[in-house]
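Working notes, structure below.
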Amino acid sequence: MWNQPRTALHNHDYCEIFLITQGTVHYLINGEKIILEKNTLSFVRPSDTHQFLPSPNGPQQHLNIAGETEIVQKLCDILSPSLFDKLMQIKNAVLFRINDADFNHLLYIVNRINLVDASNKSVYSAELLTLLFNAISLLNKYLSALKSPYPAWFDELLTKIHSSAFLDRSVADLYELSSYSPPILIAAFKQNLGVTPVQYLTKLKISHACNLLKHTDFTTLSISTTIGYDSLSHFNHVFKQYMGVSPGEYRKNYLFSLSRQDTSNP
């Protein structure tokens, strides 16, 4: 919990969820000033630049929950294959006023976490993950109550291409899933998501490759085959375009960061 929230203008390379638990908070996000009341739940993306401003309205308090983008995406995918992309593509700030029952449920989990011995890392981490997942579940609940920003046929298409069965498929297979012609699909992707079908599908594949590199011992060749690349050199080239390093360097950097965490937290 943070009391009297006030921060410098900033963004970060992870996702953040916060809940206003007391008072009224003055908030600046992407150049827009907003007054947030108690029970406001917000999702902050890496692309968002935000700041808590000083407020004359008495005591304020908010709960912060942070998570690596890839972990947040995994949890979103459990609830809905298109949830993460919907959250990332919303043009305005992602803010929901949740009801008292949902508000109290999140605070119940927080109080439960406060009773856990932080030195018991496995239990403590599990409780934090539970809190993050419950917060994301509420985002999904309140977002689902809104009218979908996408046409129904486009929403259905996104669900299909997010399935694990589609990981090794190509953009030609994507076109076959729809009754619309490629030019219409390309226009729909650009209008709704700001990217082409090729760019969107490639992003999904590279994101999955990152997860496999971090959490399995699969070879780079095996991973490239899993996501539909027949040529290892082509996969390496595309991966480096998106991530700035080769797959091998990405895995090495991740393992190095884990080893540093282990040494700094004996």
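The way I read the labels, and the way they are meant: chains A, B, ... in the order of the structure tokens, residue 1 as the first residue of every chain, and ligand 1 as the first ligand shown, with later ones counted on from there.
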
Which residues of segment 176-215 of chain A come within 10 Å of segment 63-84 of chain A, and for each one, what is the closest pair of atoms and their distance in Å to one decimal, counting only C-alpha atoms, sorted by chain and residue number, as a Markdown table?
```
| residue | atom | partner | partner_atom | distance |
| --- | --- | --- | --- | --- |
| A:Ser207 | CA | A:Glu70 | CA | 7.8 |
| A:His208 | CA | A:Glu70 | CA | 9.2 |
| A:Cys210 | CA | A:Glu70 | CA | 8.6 |
| A:Asn211 | CA | A:Glu70 | CA | 7.5 |
```

If you keep C-alpha atoms, can you produce a file of those selected residues as a short mmCIF file (atom, residue, chain, number, x, y, z; two decimals), in the first residue's frame?
```cif
data_model
loop_
_atom_site.label_atom_id
_atom_site.label_comp_id
_atom_site.auth_asym_id
_atom_site.auth_seq_id
_atom_site.Cartn_x
_atom_site.Cartn_y
_atom_site.Cartn_z
CA SER A 207 6.36 -13.75 -27.79
CA HIS A 208 5.84 -17.51 -27.53
CA CYS A 210 10.58 -15.81 -25.66
CA ASN A 211 8.52 -17.81 -23.17
#
```

Could you pull out the residues in segment 7-130 of chain A that DSSP calls alpha helix (DSSP H) from the backbone, as a ChimeraX atom specification? /A:69-79,83-89,100-114,121-130

Between atom CA of Ser233 of chain A and atom CA of Pro247 of chain A, distance in Å (one decimal): 10.9 Å

Nearest residue to Gly194 of chain A from the set A:Ala126, A:Met88, A:Leu232, A:Leu115 (distances using only C-alpha atoms): A:Met88

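Among the candidates A:Leu146, A:Leu28, A:Ile17, A:Ala165, the residue lying nearest to Leu131 of chain A is A:Ile17 (atoms considered: only C-alpha atoms).
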
Could you name the residues that touch Lys252 of chain A at 12 Å or less, counting only C-alpha atoms, but leaving out those on the same chain fewer than 6 positions away, as a ChimeraX atom specification? /A:210,213-214,217,245-246,258-259

Would you mind exporting N, CA and C atoms of the selected residues as a PDB file, in the first residue's frame?
```pdb
ATOM      1  N   CYS A 210       9.939 -16.371 -26.864  1.00  0.00           N
ATOM      2  CA  CYS A 210      10.578 -15.809 -25.662  1.00  0.00           C
ATOM      3  C   CYS A 210      10.221 -16.629 -24.426  1.00  0.00           C
ATOM      4  N   LEU A 213      12.141 -19.893 -24.553  1.00  0.00           N
ATOM      5  CA  LEU A 213      13.561 -19.683 -24.272  1.00  0.00           C
ATOM      6  C   LEU A 213      13.800 -19.465 -22.779  1.00  0.00           C
ATOM      7  N   LYS A 214      12.866 -18.819 -22.112  1.00  0.00           N
ATOM      8  CA  LYS A 214      13.036 -18.509 -20.701  1.00  0.00           C
ATOM      9  C   LYS A 214      12.671 -19.671 -19.785  1.00  0.00           C
ATOM     10  N   ASP A 217      14.158 -25.903 -21.762  1.00  0.00           N
ATOM     11  CA  ASP A 217      15.510 -26.108 -22.290  1.00  0.00           C
ATOM     12  C   ASP A 217      15.467 -26.548 -23.747  1.00  0.00           C
ATOM     13  N   VAL A 245      18.303  -8.897 -29.945  1.00  0.00           N
ATOM     14  CA  VAL A 245      19.378  -9.862 -29.717  1.00  0.00           C
ATOM     15  C   VAL A 245      18.970 -11.192 -30.345  1.00  0.00           C
ATOM     16  N   SER A 246      19.925 -12.092 -30.503  1.00  0.00           N
ATOM     17  CA  SER A 246      19.613 -13.412 -31.045  1.00  0.00           C
ATOM     18  C   SER A 246      18.889 -14.245 -29.985  1.00  0.00           C
ATOM     19  N   LEU A 258      18.547 -14.094 -13.727  1.00  0.00           N
ATOM     20  CA  LEU A 258      18.076 -14.963 -12.650  1.00  0.00           C
ATOM     21  C   LEU A 258      19.179 -15.238 -11.641  1.00  0.00           C
ATOM     22  N   SER A 259      20.395 -15.489 -12.138  1.00  0.00           N
ATOM     23  CA  SER A 259      21.509 -15.780 -11.237  1.00  0.00           C
ATOM     24  C   SER A 259      21.830 -14.570 -10.362  1.00  0.00           C
TER      25      SER A 259
END
```

DSSP on the backbone: which residues in segment 15-248 of chain A end up as strand (DSSP E)? Give the answer as a ChimeraX atom specification. /A:15-22,25-29,32-36,40-44,50-53,61-67,94-97

Residues from last step as file, C-alpha atoms, as a PDB file, in the first residue's frame:
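Dumped to out_5.pdb:
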```pdb
ATOM      1  CA  CYS A  15       2.791  -3.866 -16.426  1.00  0.00           C
ATOM      2  CA  GLU A  16       1.251  -2.323 -13.331  1.00  0.00           C
ATOM      3  CA  ILE A  17      -2.195  -2.578 -11.778  1.00  0.00           C
ATOM      4  CA  PHE A  18      -3.248  -0.199  -9.044  1.00  0.00           C
ATOM      5  CA  LEU A  19      -6.372   0.158  -6.927  1.00  0.00           C
ATOM      6  CA  ILE A  20      -7.410   3.347  -5.131  1.00  0.00           C
ATOM      7  CA  THR A  21      -8.204   2.204  -1.597  1.00  0.00           C
ATOM      8  CA  GLN A  22      -8.728   5.536   0.161  1.00  0.00           C
ATOM      9  CA  VAL A  25      -6.292  10.812  -6.246  1.00  0.00           C
ATOM     10  CA  HIS A  26      -5.266  13.303  -8.921  1.00  0.00           C
ATOM     11  CA  TYR A  27      -3.666  11.376 -11.764  1.00  0.00           C
ATOM     12  CA  LEU A  28      -1.920  12.250 -15.032  1.00  0.00           C
ATOM     13  CA  ILE A  29      -1.661   9.630 -17.800  1.00  0.00           C
ATOM     14  CA  GLU A  32      -4.671  13.583 -19.566  1.00  0.00           C
ATOM     15  CA  LYS A  33      -5.510  14.672 -16.014  1.00  0.00           C
ATOM     16  CA  ILE A  34      -8.050  12.473 -14.235  1.00  0.00           C
ATOM     17  CA  ILE A  35      -9.488  12.416 -10.709  1.00  0.00           C
ATOM     18  CA  LEU A  36      -9.656   8.843  -9.414  1.00  0.00           C
ATOM     19  CA  THR A  40     -10.898   2.632  -9.150  1.00  0.00           C
ATOM     20  CA  LEU A  41      -8.876  -0.212 -10.679  1.00  0.00           C
ATOM     21  CA  SER A  42      -6.346   0.721 -13.371  1.00  0.00           C
ATOM     22  CA  PHE A  43      -4.105  -1.203 -15.736  1.00  0.00           C
ATOM     23  CA  VAL A  44      -0.893   0.626 -16.706  1.00  0.00           C
ATOM     24  CA  HIS A  50       1.855   8.473 -15.888  1.00  0.00           C
ATOM     25  CA  GLN A  51       2.179  10.362 -12.635  1.00  0.00           C
ATOM     26  CA  PHE A  52       0.343  10.683  -9.313  1.00  0.00           C
ATOM     27  CA  LEU A  53      -0.125  14.380  -8.587  1.00  0.00           C
ATOM     28  CA  GLN A  61      -3.916   5.456  -0.459  1.00  0.00           C
ATOM     29  CA  HIS A  62      -3.516   3.012  -3.315  1.00  0.00           C
ATOM     30  CA  LEU A  63      -2.444  -0.579  -3.811  1.00  0.00           C
ATOM     31  CA  ASN A  64       0.201  -1.351  -6.462  1.00  0.00           C
ATOM     32  CA  ILE A  65       0.626  -4.712  -8.188  1.00  0.00           C
ATOM     33  CA  ALA A  66       3.433  -5.060 -10.748  1.00  0.00           C
ATOM     34  CA  GLY A  67       4.195  -7.941 -13.085  1.00  0.00           C
ATOM     35  CA  VAL A  94      -7.615   1.616 -18.712  1.00  0.00           C
ATOM     36  CA  LEU A  95      -9.763   2.485 -15.677  1.00  0.00           C
ATOM     37  CA  PHE A  96     -12.715   0.682 -14.079  1.00  0.00           C
ATOM     38  CA  ARG A  97     -14.801   1.513 -11.002  1.00  0.00           C
TER      39      ARG A  97
END
```

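By only C-alpha atoms, and with residues fewer than 4 positions from Ser222 of chain A along its chain excluded, the set lying at most 12 Å from it is Asp168, Ala209, Leu212, Leu213, Thr216, Asp217, Phe218, Thr226, Ile227, Gly228, Tyr229, Asp230, Ser231, Leu232, Phe235 and Pro247 of chain A.
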
Would you mind exporting the chosen residues as a PDB file, in the first residue's frame, restricted to C-alpha atoms?
```
ATOM      1  CA  ASP A 168       2.969 -23.055 -36.365  1.00  0.00           C
ATOM      2  CA  ALA A 209       9.467 -18.111 -28.496  1.00  0.00           C
ATOM      3  CA  LEU A 212      10.035 -21.087 -24.391  1.00  0.00           C
ATOM      4  CA  LEU A 213      13.561 -19.683 -24.272  1.00  0.00           C
ATOM      5  CA  THR A 216      12.251 -24.541 -21.146  1.00  0.00           C
ATOM      6  CA  ASP A 217      15.510 -26.108 -22.290  1.00  0.00           C
ATOM      7  CA  PHE A 218      14.242 -26.571 -25.865  1.00  0.00           C
ATOM      8  CA  THR A 226       7.301 -25.189 -32.975  1.00  0.00           C
ATOM      9  CA  ILE A 227       6.257 -21.726 -34.123  1.00  0.00           C
ATOM     10  CA  GLY A 228       6.337 -22.565 -37.814  1.00  0.00           C
ATOM     11  CA  TYR A 229       9.758 -21.436 -39.063  1.00  0.00           C
ATOM     12  CA  ASP A 230      11.295 -23.962 -41.464  1.00  0.00           C
ATOM     13  CA  SER A 231      14.549 -22.026 -41.628  1.00  0.00           C
ATOM     14  CA  LEU A 232      16.529 -21.524 -38.421  1.00  0.00           C
ATOM     15  CA  PHE A 235      13.884 -17.361 -37.341  1.00  0.00           C
ATOM     16  CA  PRO A 247      17.560 -16.204 -29.383  1.00  0.00           C
TER      17      PRO A 247
END
```

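With atom CA of Lys240 of chain A on one side and atom CA of Ile161 of chain A on the other, the separation reads 23.0 Å.
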
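If you look at atom CA of Ile90 of chain A and atom CA of Tyr250 of chain A, they are 29.2 Å away from each other.
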